[in-house]
>>> print(open('query_9.cif').read())   # mmCIF, C-alpha atoms
data_input
#
loop_
_atom_site.label_atom_id
_atom_site.label_comp_id
_atom_site.auth_asym_id
_atom_site.auth_seq_id
_atom_site.Cartn_x
_atom_site.Cartn_y
_atom_site.Cartn_z
CA MET Q 1 -22.21 84.67 201.62
CA THR Q 2 -20.20 87.67 202.76
CA ASP Q 3 -16.54 87.18 203.57
CA ALA Q 4 -16.46 90.14 205.96
CA VAL Q 5 -17.65 91.07 209.43
CA LEU Q 6 -18.41 94.50 210.87
CA LEU Q 7 -18.32 95.70 214.46
CA SER Q 8 -20.48 98.81 214.81
CA ASP Q 9 -22.76 99.71 217.68
CA PRO Q 10 -24.61 102.91 218.69
CA ARG Q 11 -23.29 102.57 222.24
CA PHE Q 12 -19.89 103.78 221.01
CA PHE Q 13 -21.48 107.22 220.60
CA ARG Q 14 -21.85 107.41 224.39
CA HIS Q 15 -18.16 108.13 224.96
CA ARG Q 16 -18.55 111.90 225.19
CA PRO Q 17 -16.45 114.81 226.49
CA PRO Q 18 -17.34 116.10 229.97
CA GLY Q 19 -20.05 118.70 230.38
CA ILE Q 20 -23.81 118.90 230.12
CA SER Q 21 -23.73 119.13 226.34
CA GLY Q 22 -20.19 117.81 225.92
CA GLY Q 23 -17.50 120.34 225.13
CA TYR Q 24 -15.54 120.22 221.89
CA HIS Q 25 -12.82 117.61 221.67
CA PRO Q 26 -11.20 116.20 218.50
CA GLU Q 27 -12.09 112.65 219.57
CA ARG Q 28 -15.83 113.23 219.39
CA PRO Q 29 -18.90 111.10 218.62
CA GLU Q 30 -19.29 112.66 215.18
CA ARG Q 31 -16.23 110.68 214.11
CA LEU Q 32 -18.32 107.55 214.36
CA GLU Q 33 -21.00 109.07 212.13
CA ALA Q 34 -18.35 109.66 209.45
CA ALA Q 35 -17.05 106.10 209.85
CA ARG Q 36 -20.51 104.60 209.54
CA ALA Q 37 -21.16 106.74 206.46
CA ALA Q 38 -18.05 105.26 204.85
CA ILE Q 39 -19.34 101.74 205.38
CA GLU Q 40 -22.73 102.67 203.91
CA ARG Q 41 -21.10 104.28 200.88
CA SER Q 42 -19.02 101.17 200.26
CA GLU Q 43 -22.21 99.19 199.51
CA LEU Q 44 -20.38 96.11 200.75
CA SER Q 45 -22.11 93.28 202.57
CA PHE Q 46 -21.04 92.51 206.14
CA ALA Q 47 -22.10 90.02 208.77
CA PRO Q 48 -22.59 91.90 212.06
CA VAL Q 49 -20.53 91.24 215.18
CA GLU Q 50 -22.23 91.88 218.51
CA PRO Q 51 -19.90 93.66 220.93
CA ARG Q 52 -19.61 92.61 224.55
CA PRO Q 53 -17.42 93.89 227.40
CA ALA Q 54 -13.91 92.52 227.60
CA THR Q 55 -13.36 90.04 230.40
CA ASP Q 56 -10.81 90.63 233.13
CA GLU Q 57 -8.69 87.84 231.66
CA GLU Q 58 -8.67 89.53 228.25
CA LEU Q 59 -7.82 92.95 229.68
CA GLU Q 60 -5.08 91.62 231.95
CA ARG Q 61 -3.18 90.05 229.07
CA VAL Q 62 -2.17 93.64 228.24
CA HIS Q 63 -3.06 95.91 231.16
CA ASP Q 64 -1.92 95.87 234.79
CA PRO Q 65 -4.81 94.82 237.08
CA ARG Q 66 -4.10 97.85 239.28
CA PHE Q 67 -4.55 100.14 236.30
CA ILE Q 68 -7.82 98.44 235.37
CA ALA Q 69 -9.05 98.93 238.93
CA ARG Q 70 -8.10 102.62 238.87
CA LEU Q 71 -9.87 103.06 235.56
CA ARG Q 72 -13.03 101.40 236.86
CA ASP Q 73 -12.98 103.71 239.85
CA LEU Q 74 -13.66 106.50 237.36
CA ALA Q 75 -16.89 104.90 236.11
CA GLY Q 76 -19.77 107.33 236.33
CA THR Q 77 -17.50 110.35 236.72
CA GLU Q 78 -16.54 113.07 234.25
CA GLY Q 79 -13.22 114.81 233.82
CA TYR Q 80 -9.76 114.68 232.30
CA ILE Q 81 -7.15 112.03 233.07
CA ASP Q 82 -4.52 114.27 231.49
CA ALA Q 83 -4.52 117.35 229.26
CA ASP Q 84 -5.80 115.33 226.28
CA THR Q 85 -7.70 112.34 227.60
CA TYR Q 86 -11.22 112.60 228.97
CA VAL Q 87 -13.74 110.32 230.59
CA GLY Q 88 -17.46 110.91 230.37
CA ALA Q 89 -20.08 109.30 232.57
CA GLU Q 90 -20.21 106.13 230.43
CA SER Q 91 -16.67 106.15 229.01
CA ILE Q 92 -15.22 103.30 231.08
CA ALA Q 93 -18.04 100.93 230.20
CA ILE Q 94 -17.80 101.92 226.55
CA ALA Q 95 -14.02 101.42 226.53
CA GLU Q 96 -14.49 97.89 227.89
CA LEU Q 97 -17.14 97.32 225.21
CA ALA Q 98 -14.76 98.54 222.49
CA ALA Q 99 -12.00 96.23 223.71
CA GLY Q 100 -14.31 93.24 224.04
CA GLY Q 101 -15.95 94.01 220.72
CA THR Q 102 -12.58 94.00 218.98
CA VAL Q 103 -11.86 90.61 220.57
CA ALA Q 104 -15.26 89.39 219.33
CA LEU Q 105 -14.40 90.58 215.82
CA VAL Q 106 -11.13 88.62 215.92
CA ASP Q 107 -13.02 85.56 217.18
CA ALA Q 108 -15.41 85.83 214.24
CA ILE Q 109 -12.47 85.98 211.84
CA LEU Q 110 -10.63 83.07 213.47
CA ASP Q 111 -13.75 80.92 213.68
CA GLY Q 112 -14.73 81.58 210.07
CA PRO Q 113 -16.16 81.48 207.55
CA HIS Q 114 -15.41 85.22 207.58
CA ARG Q 115 -11.83 86.23 206.93
CA ARG Q 116 -11.87 90.03 206.97
CA GLY Q 117 -13.34 92.58 209.33
CA VAL Q 118 -13.75 96.23 210.24
CA ALA Q 119 -14.17 97.54 213.79
CA LEU Q 120 -15.74 100.99 214.19
CA VAL Q 121 -14.88 101.52 217.83
CA ARG Q 122 -14.44 104.44 220.21
CA PRO Q 123 -12.48 105.37 222.22
CA PRO Q 124 -9.35 104.57 220.21
CA GLY Q 125 -6.64 102.51 221.85
CA HIS Q 126 -3.07 102.52 220.56
CA HIS Q 127 -1.70 105.07 223.06
CA ALA Q 128 -3.09 103.20 226.08
CA LYS Q 129 -0.09 101.72 227.87
CA PRO Q 130 -0.16 98.63 230.08
CA ASP Q 131 -0.30 100.81 233.18
CA HIS Q 132 -2.01 104.06 232.18
CA ALA Q 133 -4.34 105.81 229.75
CA MET Q 134 -3.22 108.67 227.51
CA GLY Q 135 -3.59 110.27 224.10
CA PHE Q 136 -7.41 110.01 223.88
CA CYS Q 137 -7.08 106.26 224.64
CA LEU Q 138 -8.31 104.31 227.69
CA LEU Q 139 -7.80 100.63 226.81
CA ASN Q 140 -5.66 99.27 223.99
CA ASN Q 141 -8.19 97.58 221.72
CA VAL Q 142 -5.76 96.23 219.12
CA ALA Q 143 -3.22 95.00 221.67
CA ILE Q 144 -5.94 93.21 223.64
CA ALA Q 145 -7.20 91.58 220.43
CA ALA Q 146 -3.69 90.52 219.41
CA ALA Q 147 -3.02 89.00 222.83
CA HIS Q 148 -6.35 87.17 222.58
CA ALA Q 149 -5.39 85.74 219.20
CA ARG Q 150 -2.15 84.49 220.73
CA ALA Q 151 -4.10 82.92 223.61
CA ARG Q 152 -6.20 81.10 221.03
CA GLY Q 153 -3.09 79.45 219.63
CA LEU Q 154 -1.76 81.70 216.88
CA SER Q 155 2.03 81.85 216.80
CA ARG Q 156 2.53 85.07 214.83
CA VAL Q 157 0.32 88.16 214.83
CA ALA Q 158 1.25 91.34 212.95
CA ILE Q 159 0.01 94.78 213.93
CA VAL Q 160 0.47 97.49 211.30
CA ASP Q 161 -0.20 100.98 212.65
CA TRP Q 162 -0.58 103.73 210.04
CA ASP Q 163 -2.05 106.31 212.43
CA VAL Q 164 -0.06 109.55 212.20
CA HIS Q 165 0.91 109.21 215.88
CA HIS Q 166 3.20 106.46 217.09
CA GLY Q 167 1.33 103.73 218.98
CA ASN Q 168 3.48 103.83 222.09
CA GLY Q 169 1.03 101.74 224.09
CA THR Q 170 0.98 98.92 221.56
CA GLN Q 171 4.76 98.98 221.26
CA ASP Q 172 5.15 98.74 225.03
CA ALA Q 173 2.70 95.85 225.26
CA PHE Q 174 4.81 93.64 222.97
CA VAL Q 175 8.28 95.17 223.18
CA ASP Q 176 9.90 91.88 224.27
CA ASP Q 177 7.51 89.48 222.52
CA PRO Q 178 8.50 87.97 219.14
CA SER Q 179 5.04 86.47 218.68
CA VAL Q 180 3.58 89.91 217.91
CA LEU Q 181 5.26 92.04 215.24
CA TYR Q 182 4.55 95.75 215.62
CA VAL Q 183 5.13 98.00 212.59
CA SER Q 184 4.40 101.73 212.69
CA THR Q 185 4.52 104.61 210.22
CA HIS Q 186 4.15 107.98 211.95
CA GLN Q 187 5.07 111.64 211.81
CA PHE Q 188 8.28 112.26 213.76
CA PRO Q 189 9.16 114.13 215.86
CA PHE Q 190 5.59 114.36 217.09
CA TYR Q 191 3.28 113.26 219.88
CA PRO Q 192 3.84 111.08 221.92
CA GLY Q 193 7.59 111.46 221.33
CA THR Q 194 8.31 107.76 220.87
CA GLY Q 195 8.84 105.66 217.76
CA ALA Q 196 12.42 106.53 216.84
CA VAL Q 197 13.92 104.29 214.20
CA MET Q 198 16.30 102.68 216.70
CA GLU Q 199 13.40 101.48 218.90
CA THR Q 200 13.38 97.90 217.64
CA GLY Q 201 12.27 95.87 220.65
CA GLU Q 202 13.98 94.34 223.65
CA GLY Q 203 15.22 90.91 224.70
CA GLU Q 204 13.58 88.13 222.71
CA GLY Q 205 11.50 90.78 220.95
CA LYS Q 206 14.52 92.54 219.47
CA GLY Q 207 13.76 93.22 215.81
CA TYR Q 208 10.03 92.64 216.17
CA THR Q 209 9.29 96.35 216.56
CA VAL Q 210 9.76 98.16 213.24
CA ASN Q 211 9.41 101.93 213.37
CA LEU Q 212 9.29 104.15 210.29
CA PRO Q 213 9.38 107.73 211.61
CA LEU Q 214 8.57 110.13 208.78
CA THR Q 215 9.28 113.83 208.44
CA ALA Q 216 6.26 116.17 208.45
CA GLY Q 217 4.89 116.84 204.98
CA GLY Q 218 5.37 113.32 203.65
CA GLY Q 219 2.69 112.10 201.29
CA ASP Q 220 1.59 109.12 199.23
CA GLY Q 221 4.98 108.48 197.65
CA VAL Q 222 6.84 108.30 200.95
CA TYR Q 223 4.30 105.88 202.41
CA ARG Q 224 4.43 103.71 199.29
CA ALA Q 225 8.21 103.62 199.55
CA ALA Q 226 7.97 102.69 203.23
CA PHE Q 227 5.66 99.81 202.38
CA GLU Q 228 7.52 98.52 199.34
CA ARG Q 229 11.05 98.84 200.72
CA VAL Q 230 10.53 97.90 204.38
CA ILE Q 231 7.06 96.97 205.62
CA LEU Q 232 5.98 94.45 202.99
CA PRO Q 233 9.33 92.61 202.90
CA VAL Q 234 9.30 92.33 206.71
CA LEU Q 235 5.71 91.08 206.73
CA ASP Q 236 6.41 88.54 204.00
CA GLU Q 237 9.38 87.19 205.95
CA TYR Q 238 7.46 87.15 209.24
CA ALA Q 239 4.47 85.35 207.64
CA PRO Q 240 1.79 86.44 210.12
CA GLU Q 241 -1.21 84.23 210.82
CA LEU Q 242 -3.37 87.31 211.46
CA VAL Q 243 -2.96 90.94 210.40
CA LEU Q 244 -4.43 93.70 212.56
CA VAL Q 245 -4.40 97.29 211.31
CA SER Q 246 -4.44 100.21 213.72
CA ALA Q 247 -6.28 102.31 211.19
CA GLY Q 248 -5.97 105.99 211.96
CA PHE Q 249 -6.79 108.51 209.24
CA ASP Q 250 -5.00 111.51 210.71
CA ALA Q 251 -2.09 111.30 208.26
CA SER Q 252 -4.54 112.79 205.76
CA ALA Q 253 -3.63 116.15 204.24
CA ARG Q 254 -6.89 117.51 205.71
CA ASP Q 255 -6.31 116.49 209.32
CA PRO Q 256 -6.09 119.43 211.74
CA LEU Q 257 -3.81 117.73 214.28
CA ALA Q 258 -0.93 116.62 212.05
CA GLU Q 259 1.19 117.61 209.08
CA MET Q 260 1.33 114.64 206.74
CA THR Q 261 -0.30 114.84 203.30
CA LEU Q 262 -1.85 111.48 202.45
CA SER Q 263 -4.71 111.21 199.98
CA ALA Q 264 -7.69 108.93 200.57
CA ASP Q 265 -6.31 106.70 197.82
CA ALA Q 266 -3.18 106.04 199.90
CA PHE Q 267 -5.23 104.36 202.61
CA GLY Q 268 -6.85 102.13 200.01
CA TRP Q 269 -3.48 101.24 198.52
CA MET Q 270 -1.99 100.34 201.91
CA ALA Q 271 -5.05 98.29 202.85
CA LYS Q 272 -4.94 96.35 199.59
CA ALA Q 273 -1.24 95.64 200.11
CA LEU Q 274 -1.92 94.32 203.61
CA ARG Q 275 -4.78 92.17 202.33
CA GLN Q 276 -2.29 90.55 199.95
CA VAL Q 277 -0.01 89.80 202.90
CA ALA Q 278 -2.93 88.23 204.76
CA ASP Q 279 -3.89 86.19 201.71
CA LYS Q 280 -0.36 84.84 201.45
CA SER Q 281 0.27 83.66 205.01
CA ALA Q 282 -2.84 84.23 207.16
CA GLU Q 283 -5.59 82.54 205.15
CA GLY Q 284 -6.86 86.04 204.38
CA ARG Q 285 -7.39 86.95 208.03
CA ILE Q 286 -7.17 90.72 208.47
CA ALA Q 287 -9.03 93.38 210.47
CA LEU Q 288 -9.09 97.17 210.37
CA VAL Q 289 -9.61 98.72 213.81
CA LEU Q 290 -10.41 102.43 213.97
CA GLU Q 291 -7.88 104.64 215.73
CA GLY Q 292 -7.50 108.38 215.01
CA GLY Q 293 -8.61 110.75 212.27
CA TYR Q 294 -10.13 114.11 213.20
CA ASP Q 295 -11.27 115.69 209.95
CA LEU Q 296 -14.62 114.08 209.27
CA VAL Q 297 -14.40 114.30 205.48
CA ALA Q 298 -10.93 112.76 205.46
CA LEU Q 299 -11.99 110.06 207.91
CA GLU Q 300 -14.95 109.05 205.77
CA SER Q 301 -13.07 109.04 202.47
CA GLY Q 302 -9.99 107.33 203.90
CA LEU Q 303 -11.98 104.61 205.63
CA LEU Q 304 -14.07 104.05 202.51
CA ALA Q 305 -10.93 103.47 200.46
CA ALA Q 306 -9.33 101.28 203.13
CA THR Q 307 -12.46 99.18 203.54
CA ARG Q 308 -12.63 98.51 199.82
CA GLY Q 309 -8.93 97.70 199.88
CA ILE Q 310 -9.18 94.92 202.45
CA ILE Q 311 -12.65 93.60 201.58
CA GLU Q 312 -12.65 93.81 197.77
CA GLY Q 313 -8.92 94.03 197.12
CA THR Q 314 -9.47 97.13 195.00
CA ALA Q 315 -7.54 100.40 195.23
CA THR Q 316 -6.43 103.32 193.11
CA ASP Q 317 -2.72 103.35 192.38
CA ILE Q 318 -0.64 106.05 194.09
CA ALA Q 319 2.62 107.81 193.29
CA ARG Q 320 5.97 106.16 193.94
CA GLU Q 321 8.82 108.12 195.53
CA PRO Q 322 12.00 106.05 195.27
CA ASP Q 323 14.29 108.39 197.21
CA SER Q 324 13.42 109.00 200.87
CA ASP Q 325 16.04 109.50 203.55
CA ASP Q 326 13.54 108.46 206.22
CA VAL Q 327 12.76 105.18 204.49
CA ALA Q 328 16.43 104.54 203.74
CA ARG Q 329 17.31 104.94 207.43
CA ALA Q 330 14.49 102.64 208.48
CA GLY Q 331 15.56 100.06 205.94
CA LYS Q 332 19.15 100.13 207.17
CA VAL Q 333 18.00 99.47 210.74
CA ALA Q 334 15.51 96.77 209.72
CA ARG Q 335 18.15 94.85 207.75
CA ALA Q 336 19.82 93.89 211.02
CA ALA Q 337 16.86 91.62 211.79
CA TRP Q 338 15.18 90.99 208.43
CA ARG Q 339 17.12 89.51 205.50
CA SER Q 340 14.39 90.40 203.02
CA VAL Q 341 14.88 94.17 203.40
CA ASP Q 342 17.21 95.42 200.65
#
>>> encode(input="query_9.cif", output="structure tokens")
Amino acid sequence: MTDAVLLSDPRFFRHRPPGISGGYHPERPERLEAARAAIERSELSFAPVEPRPATDEELERVHDPRFIARLRDLAGTEGYIDADTYVGAESIAIAELAAGGTVALVDAILDGPHRRGVALVRPPGHHAKPDHAMGFCLLNNVAIAAAHARARGLSRVAIVDWDVHHGNGTQDAFVDDPSVLYVSTHQFPFYPGTGAVMETGEGEGKGYTVNLPLTAGGGDGVYRAAFERVILPVLDEYAPELVLVSAGFDASARDPLAEMTLSADAFGWMAKALRQVADKSAEGRIALVLEGGYDLVALESGLLAATRGIIEGTATDIAREPDSDDVARAGKVARAAWRSVD
């Protein structure tokens, strides 16, 4: 019997840019074709998860009811919420389906016997703030799923966000909440302008936001150093009961919107490392949830490697870069809250 579940549905193709034929936008339906191709190439066996719309209760654990109402007022319309973020005629319904589907995936993992999962959802979510949409994102899929896991009784949920952009929406959702650890690697300075190393949470959540802002041009070695010196020690000390990965693939060297230089192998290495964390403290419970990634070749190859990393526990080794000023700064800040960081 398969140990993994997959959320994939043709309705996610229906989130399309405005216009009769849909104008070009980086967050386009073809991304889902590349993601599905990665799953097919993996030749792994998955049990399917049927998506369903998120309930009001699930949405309101993260988003302001007034924002949800404003978003639903846009149903059936086409246009741009801001310079980057569009809604097509079916986008609001599809966003609610993506959020609810991610919750359903987490339910399947928590209920067992499955322990690992992959969610191929659109639109992405990690920029969606509690009170507004932005950055190609309408509803925050991962944050909604994490809050749902907490509502089901989990005490500690970890979100690891390796998208090249900082997940400002996810950070805001849990900024004062120690029951959800948010860890992000991202190009910096860069959109959306948040994620500085000193952003570590507020109030009771102080220390439970761990940002690793990385200078443009960083590659496999810098990310490995970030994981080995900061991220993995923090996760081991936190001992999450569920690991959620905001899995963007736009830190790839091929991506047109960013300037990092990751190989596909790096995504597999990071995924395998996070699987080991989940095996240690979370009974193996881990899910990859699709975020960004705008070069289709890089998206397919990166997701293929990451999927094998969390499902099979296999990955190609990557270079190690012991000296990184960015990682050293992040480690110095993290040590204030986490004894395990050297």
>>> resolve_selection(input="query_9.cif", expression="the PyMOL selection byres ((chain Q and resi 113) around 12)", output="list in words")
Met1, Thr2, Asp3, Ala4, Val5, Ala47, Asp107, Ala108, Ile109, Leu110, Asp111, Gly112, His114, Arg115, Arg116, Gly117, Glu283, Gly284 and Arg285 of chain Q
>>> closest_residue(input="query_9.cif", among="Q:Pro130, Q:Pro240, Q:Pro322, Q:Gly309", to="Ala282 of chain Q", atoms="only C-alpha atoms")
Q:Pro240
>>> resolve_selection(input="query_9.cif", expression="the PyMOL selection byres ((chain Q and resi 313-315) around 7)", output="PyMOL selection string")
chain Q and resi 265+268-269+272+275+305+308-312+316-317
>>> residues_around(input="query_9.cif", residues="Ala266 of chain Q", least_positions_apart="6", cutoff="12 Å", atoms="only C-alpha atoms", output="PyMOL selection string")
chain Q and resi 162+218-225+227+249+251-253+260+272-273+298+301-306+309+314-320
>>> write_last_selection(input="query_9.cif", atoms="C-alpha atoms", output="mmCIF file, keeping the file's coordinate frame")
data_model
loop_
_atom_site.group_PDB
_atom_site.id
_atom_site.type_symbol
_atom_site.label_atom_id
_atom_site.label_comp_id
_atom_site.auth_asym_id
_atom_site.auth_seq_id
_atom_site.Cartn_x
_atom_site.Cartn_y
_atom_site.Cartn_z
ATOM 1 C CA TRP Q 162 -0.580 103.730 210.040
ATOM 2 C CA GLY Q 218 5.370 113.320 203.650
ATOM 3 C CA GLY Q 219 2.690 112.100 201.290
ATOM 4 C CA ASP Q 220 1.590 109.120 199.230
ATOM 5 C CA GLY Q 221 4.980 108.480 197.650
ATOM 6 C CA VAL Q 222 6.840 108.300 200.950
ATOM 7 C CA TYR Q 223 4.300 105.880 202.410
ATOM 8 C CA ARG Q 224 4.430 103.710 199.290
ATOM 9 C CA ALA Q 225 8.210 103.620 199.550
ATOM 10 C CA PHE Q 227 5.660 99.810 202.380
ATOM 11 C CA PHE Q 249 -6.790 108.510 209.240
ATOM 12 C CA ALA Q 251 -2.090 111.300 208.260
ATOM 13 C CA SER Q 252 -4.540 112.790 205.760
ATOM 14 C CA ALA Q 253 -3.630 116.150 204.240
ATOM 15 C CA MET Q 260 1.330 114.640 206.740
ATOM 16 C CA LYS Q 272 -4.940 96.350 199.590
ATOM 17 C CA ALA Q 273 -1.240 95.640 200.110
ATOM 18 C CA ALA Q 298 -10.930 112.760 205.460
ATOM 19 C CA SER Q 301 -13.070 109.040 202.470
ATOM 20 C CA GLY Q 302 -9.990 107.330 203.900
ATOM 21 C CA LEU Q 303 -11.980 104.610 205.630
ATOM 22 C CA LEU Q 304 -14.070 104.050 202.510
ATOM 23 C CA ALA Q 305 -10.930 103.470 200.460
ATOM 24 C CA ALA Q 306 -9.330 101.280 203.130
ATOM 25 C CA GLY Q 309 -8.930 97.700 199.880
ATOM 26 C CA THR Q 314 -9.470 97.130 195.000
ATOM 27 C CA ALA Q 315 -7.540 100.400 195.230
ATOM 28 C CA THR Q 316 -6.430 103.320 193.110
ATOM 29 C CA ASP Q 317 -2.720 103.350 192.380
ATOM 30 C CA ILE Q 318 -0.640 106.050 194.090
ATOM 31 C CA ALA Q 319 2.620 107.810 193.290
ATOM 32 C CA ARG Q 320 5.970 106.160 193.940
#
>>> atom_distance(input="query_9.cif", atom1="atom CA of Ala151 of chain Q", atom2="atom CA of Ala119 of chain Q")
20.3 Å
>>> resolve_selection(input="query_9.cif", expression="the PyMOL selection byres ((chain Q and resi 192) around 12)", output="PyMOL selection string")
chain Q and resi 84+126-129+134-136+164-169+186-191+193-196
>>> atom_distance(input="query_9.cif", atom1="atom CA of Ala98 of chain Q", atom2="atom CA of Arg150 of chain Q")
19.0 Å
>>> atom_distance(input="query_9.cif", atom1="atom CA of Asp323 of chain Q", atom2="atom CA of Asp255 of chain Q")
25.2 Å
>>> closest_residue(input="query_9.cif", among="Q:Leu244, Q:Ala158, Q:Ile92, Q:Ala258", to="Thr215 of chain Q", atoms="only C-alpha atoms")
Q:Ala258
